Amino acid sequence: MADEIDFANDLMDVEVSRAISRMRQQTAQSSEGSKTCVECGDTIPDARKKLGFKLCVPCAEESERQKHLYAD
Ligand SMILES: [Zn+2]
């Protein structure tokens, strides 16, 4: 009887840890694209990300500079 309960617990553990690792993978994948700069891959600060920026500060400044260059 005790063996059966242990067996059931083991099964539960396997299922739970599988579900957790699946969730972790999905979270890592879904946040990968939005959390990092599309230009250099650096992490974008949360505050910046919420404003919808896809570039980190240095890359944004660089692209602004280039826009001005082309405008002139
Ligand atoms: Zn960047």
# chains A, B, ... in the order shown; residues from 1 in each chain; ligands from 1

call {"tool": "residues_around", "arguments": {"residues": "Thr43 (chain A)", "least_positions_apart": "3", "cutoff": "10 Å", "atoms": "only C-alpha atoms", "output": "PyMOL selection string"}}
result
chain A and resi 32+34-38+40+46+49+55-56

call {"tool": "atom_distance", "arguments": {"atom1": "CA of Pro45 (chain A)", "atom2": "CA of Leu69 (chain A)"}}
result
27.0 Å

call {"tool": "atom_distance", "arguments": {"atom1": "CA of Arg22 (chain A)", "atom2": "CA of Gly52 (chain A)"}}
result
27.3 Å

call {"tool": "select_by_dssp", "arguments": {"residues": "chain A", "states": "helix (DSSP H, G or I)", "output": "PyMOL selection string"}}
result
chain A and resi 2-35+46-50+57-71

call {"tool": "closest_residue", "arguments": {"among": "A:Leu51, A:Met23, A:Val14, A:Pro58", "to": "ligand 1", "atoms": "only C-alpha atoms and all ligand atoms"}}
result
A:Pro58

call {"tool": "closest_residue", "arguments": {"among": "A:Ile44, A:Leu11, A:Ile5, A:Ala71", "to": "ligand 1", "atoms": "only C-alpha atoms and all ligand atoms"}}
result
A:Ile44

call {"tool": "closest_residue", "arguments": {"among": "A:Glu62, A:Ala2, A:Asp10, A:Ile20", "to": "Glu39 (chain A)", "atoms": "only C-alpha atoms"}}
result
A:Glu62
